[in-house]
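Note: the block below is query.pdb and it holds PDB, C-alpha atoms, pLDDT in the B column.
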```pdb
ATOM      1  CA  MET A   1      -9.113  16.736   2.471  1.00 51.00           C
ATOM      2  CA  THR A   2      -8.642  15.135  -0.928  1.00 53.00           C
ATOM      3  CA  ALA A   3      -5.908  13.296  -2.794  1.00 55.00           C
ATOM      4  CA  ASP A   4      -5.959  14.038  -6.524  1.00 58.00           C
ATOM      5  CA  LEU A   5      -9.565  15.229  -6.092  1.00 81.00           C
ATOM      6  CA  ARG A   6     -10.561  11.883  -4.622  1.00 92.00           C
ATOM      7  CA  ASP A   7     -12.200  11.626  -1.231  1.00 95.00           C
ATOM      8  CA  ILE A   8      -9.883   9.954   1.250  1.00 97.00           C
ATOM      9  CA  ALA A   9     -11.512   6.716   2.375  1.00 97.00           C
ATOM     10  CA  ILE A  10      -8.947   4.894   4.525  1.00 98.00           C
ATOM     11  CA  VAL A  11      -5.376   4.785   5.808  1.00 98.00           C
ATOM     12  CA  LEU A  12      -3.550   1.441   5.653  1.00 98.00           C
ATOM     13  CA  ASP A  13      -1.197   0.743   8.542  1.00 98.00           C
ATOM     14  CA  THR A  14       1.753  -1.657   8.661  1.00 97.00           C
ATOM     15  CA  THR A  15      -0.420  -4.671   9.450  1.00 97.00           C
ATOM     16  CA  ALA A  16      -2.724  -3.960   6.496  1.00 98.00           C
ATOM     17  CA  LEU A  17       0.219  -3.487   4.141  1.00 97.00           C
ATOM     18  CA  THR A  18       1.834  -6.676   5.389  1.00 96.00           C
ATOM     19  CA  ALA A  19      -1.459  -8.496   4.860  1.00 96.00           C
ATOM     20  CA  TRP A  20      -1.750  -7.048   1.344  1.00 96.00           C
ATOM     21  CA  ALA A  21       1.723  -8.356   0.553  1.00 95.00           C
ATOM     22  CA  ARG A  22       0.541 -11.783   1.702  1.00 93.00           C
ATOM     23  CA  GLU A  23      -2.546 -11.525  -0.545  1.00 93.00           C
ATOM     24  CA  SER A  24      -5.135 -10.781   2.127  1.00 95.00           C
ATOM     25  CA  VAL A  25      -8.574 -10.924   0.533  1.00 96.00           C
ATOM     26  CA  ALA A  26      -9.919  -8.428   3.077  1.00 97.00           C
ATOM     27  CA  VAL A  27      -7.478  -5.725   2.046  1.00 97.00           C
ATOM     28  CA  GLY A  28      -7.995  -6.522  -1.636  1.00 97.00           C
ATOM     29  CA  GLU A  29     -11.765  -6.298  -1.320  1.00 97.00           C
ATOM     30  CA  LEU A  30     -11.587  -2.989   0.493  1.00 98.00           C
ATOM     31  CA  ILE A  31      -9.268  -1.479  -2.104  1.00 98.00           C
ATOM     32  CA  ALA A  32     -11.413  -2.749  -4.995  1.00 97.00           C
ATOM     33  CA  GLU A  33     -14.461  -1.180  -3.380  1.00 97.00           C
ATOM     34  CA  ILE A  34     -12.729   2.161  -2.855  1.00 97.00           C
ATOM     35  CA  GLU A  35     -11.374   2.117  -6.412  1.00 96.00           C
ATOM     36  CA  ASP A  36     -14.872   1.638  -7.827  1.00 95.00           C
ATOM     37  CA  ASP A  37     -15.982   4.538  -5.636  1.00 94.00           C
ATOM     38  CA  HIS A  38     -13.146   6.692  -7.028  1.00 95.00           C
ATOM     39  CA  GLY A  39     -11.862   7.149  -3.481  1.00 97.00           C
ATOM     40  CA  ALA A  40      -8.345   7.406  -2.125  1.00 98.00           C
ATOM     41  CA  VAL A  41      -6.347   4.956  -0.010  1.00 98.00           C
ATOM     42  CA  LEU A  42      -3.454   6.525   1.902  1.00 98.00           C
ATOM     43  CA  VAL A  43      -0.220   4.623   2.572  1.00 98.00           C
ATOM     44  CA  PRO A  44       2.134   6.285   5.068  1.00 98.00           C
ATOM     45  CA  MET A  45       5.769   5.973   4.007  1.00 98.00           C
ATOM     46  CA  ALA A  46       6.830   4.748   7.460  1.00 98.00           C
ATOM     47  CA  CYS A  47       4.269   1.921   7.334  1.00 98.00           C
ATOM     48  CA  LEU A  48       5.372   0.937   3.834  1.00 97.00           C
ATOM     49  CA  VAL A  49       9.001   0.726   4.924  1.00 96.00           C
ATOM     50  CA  GLU A  50       8.114  -1.340   7.986  1.00 96.00           C
ATOM     51  CA  ALA A  51       5.871  -3.677   5.951  1.00 96.00           C
ATOM     52  CA  ALA A  52       8.588  -4.152   3.342  1.00 95.00           C
ATOM     53  CA  TYR A  53      11.049  -4.970   6.125  1.00 94.00           C
ATOM     54  CA  ARG A  54       8.656  -7.493   7.657  1.00 92.00           C
ATOM     55  CA  THR A  55       7.684  -9.270   4.436  1.00 92.00           C
ATOM     56  CA  GLY A  56      11.044  -9.327   2.703  1.00 87.00           C
ATOM     57  CA  MET A  57      11.953  -9.036  -0.925  1.00 71.00           C
ATOM     58  CA  LEU A  58       9.411 -11.633  -2.061  1.00 72.00           C
ATOM     59  CA  ALA A  59       6.618  -9.201  -1.274  1.00 87.00           C
ATOM     60  CA  GLU A  60       8.215  -6.259  -3.014  1.00 92.00           C
ATOM     61  CA  GLN A  61       6.314  -6.925  -6.228  1.00 93.00           C
ATOM     62  CA  ARG A  62       2.986  -6.934  -4.366  1.00 94.00           C
ATOM     63  CA  LEU A  63       3.843  -3.656  -2.650  1.00 96.00           C
ATOM     64  CA  ARG A  64       4.851  -2.091  -5.972  1.00 96.00           C
ATOM     65  CA  MET A  65       1.579  -3.317  -7.458  1.00 96.00           C
ATOM     66  CA  LEU A  66      -0.300  -1.599  -4.635  1.00 97.00           C
ATOM     67  CA  LEU A  67       1.466   1.696  -5.189  1.00 97.00           C
ATOM     68  CA  ASP A  68       0.696   1.533  -8.917  1.00 97.00           C
ATOM     69  CA  LEU A  69      -3.046   1.480  -8.287  1.00 97.00           C
ATOM     70  CA  PRO A  70      -4.672   4.821  -9.119  1.00 96.00           C
ATOM     71  CA  THR A  71      -6.598   4.769  -5.870  1.00 97.00           C
ATOM     72  CA  VAL A  72      -3.479   4.420  -3.685  1.00 98.00           C
ATOM     73  CA  PHE A  73      -1.386   7.398  -2.578  1.00 98.00           C
ATOM     74  CA  LEU A  74       1.950   7.114  -0.825  1.00 98.00           C
ATOM     75  CA  VAL A  75       2.176   9.884   1.762  1.00 98.00           C
ATOM     76  CA  VAL A  76       5.412  11.332   3.053  1.00 97.00           C
ATOM     77  CA  ASP A  77       5.253  13.144   6.367  1.00 93.00           C
ATOM     78  CA  ASP A  78       4.923  16.907   6.158  1.00 95.00           C
ATOM     79  CA  PRO A  79       7.917  18.410   8.010  1.00 96.00           C
ATOM     80  CA  GLU A  80       5.566  20.850   9.740  1.00 96.00           C
ATOM     81  CA  ASP A  81       3.693  17.926  11.276  1.00 97.00           C
ATOM     82  CA  TRP A  82       6.592  16.723  13.422  1.00 97.00           C
ATOM     83  CA  PRO A  83       5.083  17.963  16.720  1.00 97.00           C
ATOM     84  CA  ALA A  84       1.794  16.233  15.905  1.00 98.00           C
ATOM     85  CA  LEU A  85       3.606  13.049  14.927  1.00 98.00           C
ATOM     86  CA  ALA A  86       5.621  13.114  18.143  1.00 97.00           C
ATOM     87  CA  ALA A  87       2.450  13.630  20.181  1.00 97.00           C
ATOM     88  CA  THR A  88       0.714  10.797  18.303  1.00 97.00           C
ATOM     89  CA  ARG A  89       3.765   8.599  18.843  1.00 97.00           C
ATOM     90  CA  ASN A  90       3.128   8.966  22.575  1.00 96.00           C
ATOM     91  CA  LEU A  91      -0.342   7.484  22.069  1.00 96.00           C
ATOM     92  CA  VAL A  92       0.485   4.506  19.838  1.00 97.00           C
ATOM     93  CA  GLU A  93       4.092   3.777  20.885  1.00 92.00           C
ATOM     94  CA  ARG A  94       5.478   3.239  17.369  1.00 96.00           C
ATOM     95  CA  ALA A  95       6.572   5.790  14.793  1.00 97.00           C
ATOM     96  CA  ASP A  96       5.034   3.947  11.837  1.00 98.00           C
ATOM     97  CA  LEU A  97       1.675   3.590  13.552  1.00 98.00           C
ATOM     98  CA  ALA A  98       1.852   7.224  14.619  1.00 98.00           C
ATOM     99  CA  ALA A  99       2.132   8.222  10.960  1.00 98.00           C
ATOM    100  CA  ALA A 100      -0.971   6.166  10.160  1.00 98.00           C
ATOM    101  CA  ALA A 101      -2.938   7.447  13.150  1.00 98.00           C
ATOM    102  CA  TRP A 102      -2.034  11.067  12.479  1.00 98.00           C
ATOM    103  CA  LEU A 103      -3.066  10.841   8.808  1.00 98.00           C
ATOM    104  CA  ALA A 104      -6.364   9.275   9.843  1.00 98.00           C
ATOM    105  CA  VAL A 105      -7.099  11.946  12.448  1.00 98.00           C
ATOM    106  CA  ASP A 106      -6.205  14.706  10.002  1.00 97.00           C
ATOM    107  CA  ALA A 107      -8.406  13.227   7.253  1.00 97.00           C
ATOM    108  CA  GLN A 108     -11.127  12.100   9.695  1.00 97.00           C
ATOM    109  CA  VAL A 109     -11.089   8.559   8.375  1.00 98.00           C
ATOM    110  CA  GLN A 110     -10.271   5.127   9.790  1.00 98.00           C
ATOM    111  CA  VAL A 111      -7.017   3.216   9.951  1.00 98.00           C
ATOM    112  CA  MET A 112      -7.300  -0.315   8.583  1.00 98.00           C
ATOM    113  CA  THR A 113      -5.434  -2.623  10.955  1.00 98.00           C
ATOM    114  CA  SER A 114      -5.393  -6.171  12.239  1.00 97.00           C
ATOM    115  CA  ASP A 115      -4.467  -4.985  15.724  1.00 96.00           C
ATOM    116  CA  PRO A 116      -6.792  -2.227  16.982  1.00 97.00           C
ATOM    117  CA  ARG A 117      -5.211  -2.279  20.437  1.00 97.00           C
ATOM    118  CA  TRP A 118      -2.432   0.003  19.249  1.00 97.00           C
ATOM    119  CA  TYR A 119      -4.957   2.755  18.564  1.00 98.00           C
ATOM    120  CA  SER A 120      -7.011   2.510  21.744  1.00 97.00           C
ATOM    121  CA  ALA A 121      -5.626   5.841  23.015  1.00 96.00           C
ATOM    122  CA  VAL A 122      -6.465   7.690  19.795  1.00 96.00           C
ATOM    123  CA  ASN A 123      -9.983   9.090  20.079  1.00 95.00           C
ATOM    124  CA  GLY A 124     -10.948   6.099  22.186  1.00 94.00           C
ATOM    125  CA  GLY A 125     -10.000   3.664  19.440  1.00 96.00           C
ATOM    126  CA  ARG A 126     -13.181   4.477  17.540  1.00 95.00           C
ATOM    127  CA  ASP A 127     -11.523   5.164  14.204  1.00 97.00           C
ATOM    128  CA  VAL A 128     -10.145   1.782  13.241  1.00 97.00           C
ATOM    129  CA  LEU A 129     -11.341  -0.686  10.634  1.00 98.00           C
ATOM    130  CA  THR A 130     -10.302  -4.078  11.911  1.00 97.00           C
ATOM    131  CA  PHE A 131      -9.695  -7.201   9.877  1.00 96.00           C
ATOM    132  CA  GLU A 132      -8.589 -10.653  10.948  1.00 92.00           C
ATOM    133  CA  PRO A 133      -4.974 -11.464  10.015  1.00 81.00           C
ATOM    134  CA  GLY A 134      -6.049 -14.499   7.944  1.00 76.00           C
ATOM    135  CA  GLU A 135      -9.016 -12.729   6.370  1.00 77.00           C
TER
ATOM    136  CA  MET B   1     -25.050 -37.151  -2.857  1.00 53.00           C
ATOM    137  CA  GLU B   2     -25.649 -33.979  -0.850  1.00 56.00           C
ATOM    138  CA  PRO B   3     -24.666 -30.645  -2.448  1.00 54.00           C
ATOM    139  CA  ASP B   4     -21.705 -28.874  -0.865  1.00 55.00           C
ATOM    140  CA  THR B   5     -23.398 -25.897   0.782  1.00 52.00           C
ATOM    141  CA  SER B   6     -20.179 -24.790   2.460  1.00 54.00           C
ATOM    142  CA  ALA B   7     -18.720 -23.611  -0.851  1.00 55.00           C
ATOM    143  CA  PRO B   8     -19.166 -19.904  -1.638  1.00 54.00           C
ATOM    144  CA  GLN B   9     -21.724 -19.028  -4.264  1.00 56.00           C
ATOM    145  CA  GLN B  10     -20.024 -19.117  -7.625  1.00 61.00           C
ATOM    146  CA  ASP B  11     -21.372 -15.775  -8.766  1.00 82.00           C
ATOM    147  CA  ASP B  12     -20.191 -14.077  -5.578  1.00 93.00           C
ATOM    148  CA  SER B  13     -16.481 -14.400  -6.292  1.00 95.00           C
ATOM    149  CA  TYR B  14     -14.454 -13.171  -9.222  1.00 96.00           C
ATOM    150  CA  PHE B  15     -10.873 -12.412 -10.101  1.00 96.00           C
ATOM    151  CA  ASP B  16     -10.206  -8.697  -9.775  1.00 95.00           C
ATOM    152  CA  GLU B  17      -7.276  -7.838 -12.023  1.00 95.00           C
ATOM    153  CA  ARG B  18      -6.627  -4.563 -10.247  1.00 95.00           C
ATOM    154  CA  VAL B  19      -5.811  -6.205  -6.932  1.00 95.00           C
ATOM    155  CA  GLY B  20      -4.586  -9.445  -8.484  1.00 94.00           C
ATOM    156  CA  MET B  21      -6.735 -11.836  -6.487  1.00 95.00           C
ATOM    157  CA  VAL B  22     -10.115 -13.492  -6.208  1.00 96.00           C
ATOM    158  CA  VAL B  23     -12.491 -11.331  -4.155  1.00 96.00           C
ATOM    159  CA  THR B  24     -16.167 -11.616  -3.317  1.00 96.00           C
ATOM    160  CA  ARG B  25     -18.935  -9.115  -3.918  1.00 96.00           C
ATOM    161  CA  SER B  26     -20.354  -9.889  -0.486  1.00 96.00           C
ATOM    162  CA  GLY B  27     -16.975  -9.157   1.087  1.00 96.00           C
ATOM    163  CA  ARG B  28     -16.718  -5.875  -0.734  1.00 97.00           C
ATOM    164  CA  ALA B  29     -20.234  -4.965   0.389  1.00 96.00           C
ATOM    165  CA  LYS B  30     -19.255  -5.675   3.992  1.00 97.00           C
ATOM    166  CA  TRP B  31     -16.344  -3.240   3.809  1.00 97.00           C
ATOM    167  CA  ARG B  32     -18.555  -0.681   2.077  1.00 97.00           C
ATOM    168  CA  ARG B  33     -21.022  -0.885   4.968  1.00 97.00           C
ATOM    169  CA  LYS B  34     -18.245  -0.418   7.504  1.00 97.00           C
ATOM    170  CA  LEU B  35     -16.844   2.612   5.689  1.00 97.00           C
ATOM    171  CA  ASP B  36     -20.288   4.172   5.374  1.00 96.00           C
ATOM    172  CA  GLU B  37     -21.091   3.511   9.028  1.00 97.00           C
ATOM    173  CA  HIS B  38     -17.947   5.263  10.165  1.00 96.00           C
ATOM    174  CA  ARG B  39     -18.508   8.201   7.845  1.00 94.00           C
ATOM    175  CA  ALA B  40     -22.041   8.615   9.129  1.00 96.00           C
ATOM    176  CA  ASN B  41     -21.213   8.214  12.801  1.00 95.00           C
ATOM    177  CA  ARG B  42     -17.753   9.747  13.185  1.00 95.00           C
ATOM    178  CA  ASP B  43     -17.445  12.481  15.774  1.00 94.00           C
ATOM    179  CA  VAL B  44     -16.074  15.285  13.620  1.00 95.00           C
ATOM    180  CA  ALA B  45     -15.837  17.737  16.501  1.00 96.00           C
ATOM    181  CA  ALA B  46     -13.848  15.272  18.603  1.00 95.00           C
ATOM    182  CA  LEU B  47     -11.499  14.510  15.711  1.00 96.00           C
ATOM    183  CA  GLU B  48     -10.917  18.193  15.004  1.00 97.00           C
ATOM    184  CA  ALA B  49     -10.233  18.846  18.687  1.00 96.00           C
ATOM    185  CA  LEU B  50      -7.806  15.915  18.809  1.00 96.00           C
ATOM    186  CA  ARG B  51      -6.047  17.102  15.649  1.00 97.00           C
ATOM    187  CA  ASP B  52      -5.635  20.600  17.072  1.00 97.00           C
ATOM    188  CA  ARG B  53      -4.362  19.207  20.376  1.00 96.00           C
ATOM    189  CA  LEU B  54      -1.860  16.898  18.690  1.00 97.00           C
ATOM    190  CA  ARG B  55      -0.543  19.753  16.588  1.00 97.00           C
ATOM    191  CA  LEU B  56       0.576  21.453  19.791  1.00 96.00           C
ATOM    192  CA  GLY B  57       3.122  18.666  20.250  1.00 95.00           C
ATOM    193  CA  PRO B  58       3.963  16.144  22.967  1.00 91.00           C
ATOM    194  CA  ALA B  59       4.664  18.703  25.702  1.00 86.00           C
ATOM    195  CA  ALA B  60       1.094  19.969  25.500  1.00 81.00           C
ATOM    196  CA  GLN B  61      -0.257  16.440  26.046  1.00 73.00           C
ATOM    197  CA  ALA B  62       1.344  16.078  29.465  1.00 64.00           C
TER
END
```

Take the structure in the file and write it out as structure tokens.
Amino acid sequence: MTADLRDIAIVLDTTALTAWARESVAVGELIAEIEDDHGAVLVPMACLVEAAYRTGMLAEQRLRMLLDLPTVFLVVDDPEDWPALAATRNLVERADLAAAAWLAVDAQVQVMTSDPRWYSAVNGGRDVLTFEPGE
Amino acid sequence: MEPDTSAPQQDDSYFDERVGMVVTRSGRAKWRRKLDEHRANRDVAALEALRDRLRLGPAAQA
């Protein structure tokens, strides 16, 4: 699976997007590394909306900056994926996290998150890249 | 006066204009290692099986 002929490297969930908006060095370092590698960072629309809600208007500029990066791709759910998203929702208990988990399973990559507990029922929680909230 | 060894090495950090913040090369290398480790060790068969199972929808998970 590729995005604009880039290899997909990671999916950012709501916690990672919220951290980015608050200038998390961990998220910035990961994105810089993937950009130098000409890889792709996927941002699920549902996670973006939830992160924008949680961080407020002050963070809007940071979120827009993220989406302007050539390595970052905003992903809207494919209508045909609704059964998979509903099934994933059963595993992670939130629609936004289900979008992130489903994208990661489909692309066989990790979800970057500060709270890996949400994903413990998805492939045994093995496909998460955890960072500390203050990192 | 003792040197401040707790401060990060000066040449390790730099301002990355793309992400609009000061990052460290050592930090980037850490994330690179973690990405590479997952890519090398991921269970592709298990992920494909999970993907196919999820595509069947929530009723099939019961």

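Atom to atom, CA of Ala52 in chain A and CA of Ala84 in chain A stand 24.9 Å apart.
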
*asked:* For a quick test of understanding: name the residues of chain B lying within 7 Å of chain A when counting only C-alpha atoms, and present them as a PyMOL selection string.
replied: chain B and resi 19+23+27-28+31-32+47+51+54-58

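Interatomic distance, CA of Ala40 in chain A to CA of Ile8 in chain A: 4.5 Å.
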
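As for CA of Val22 in chain B and CA of Gly134 in chain A, they are spaced 14.8 Å apart.
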
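Checking A:Ala21, A:Ala101, A:Val92, A:Met45 one by one against Arg64 in chain A, counting all atoms listed in the file, you find the shortest gap at A:Ala21.
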
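Counting all atoms listed in the file, the residue from A:Glu132, A:Glu60, A:Asp77, A:Glu50 that sits nearest to Met112 in chain A is A:Glu132.
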
*Nearest to Val76 in chain A, chosen from A:Leu5, A:Ala95, A:Ala46, A:Met57, with all atoms listed in the file counted in the distances*: A:Ala46
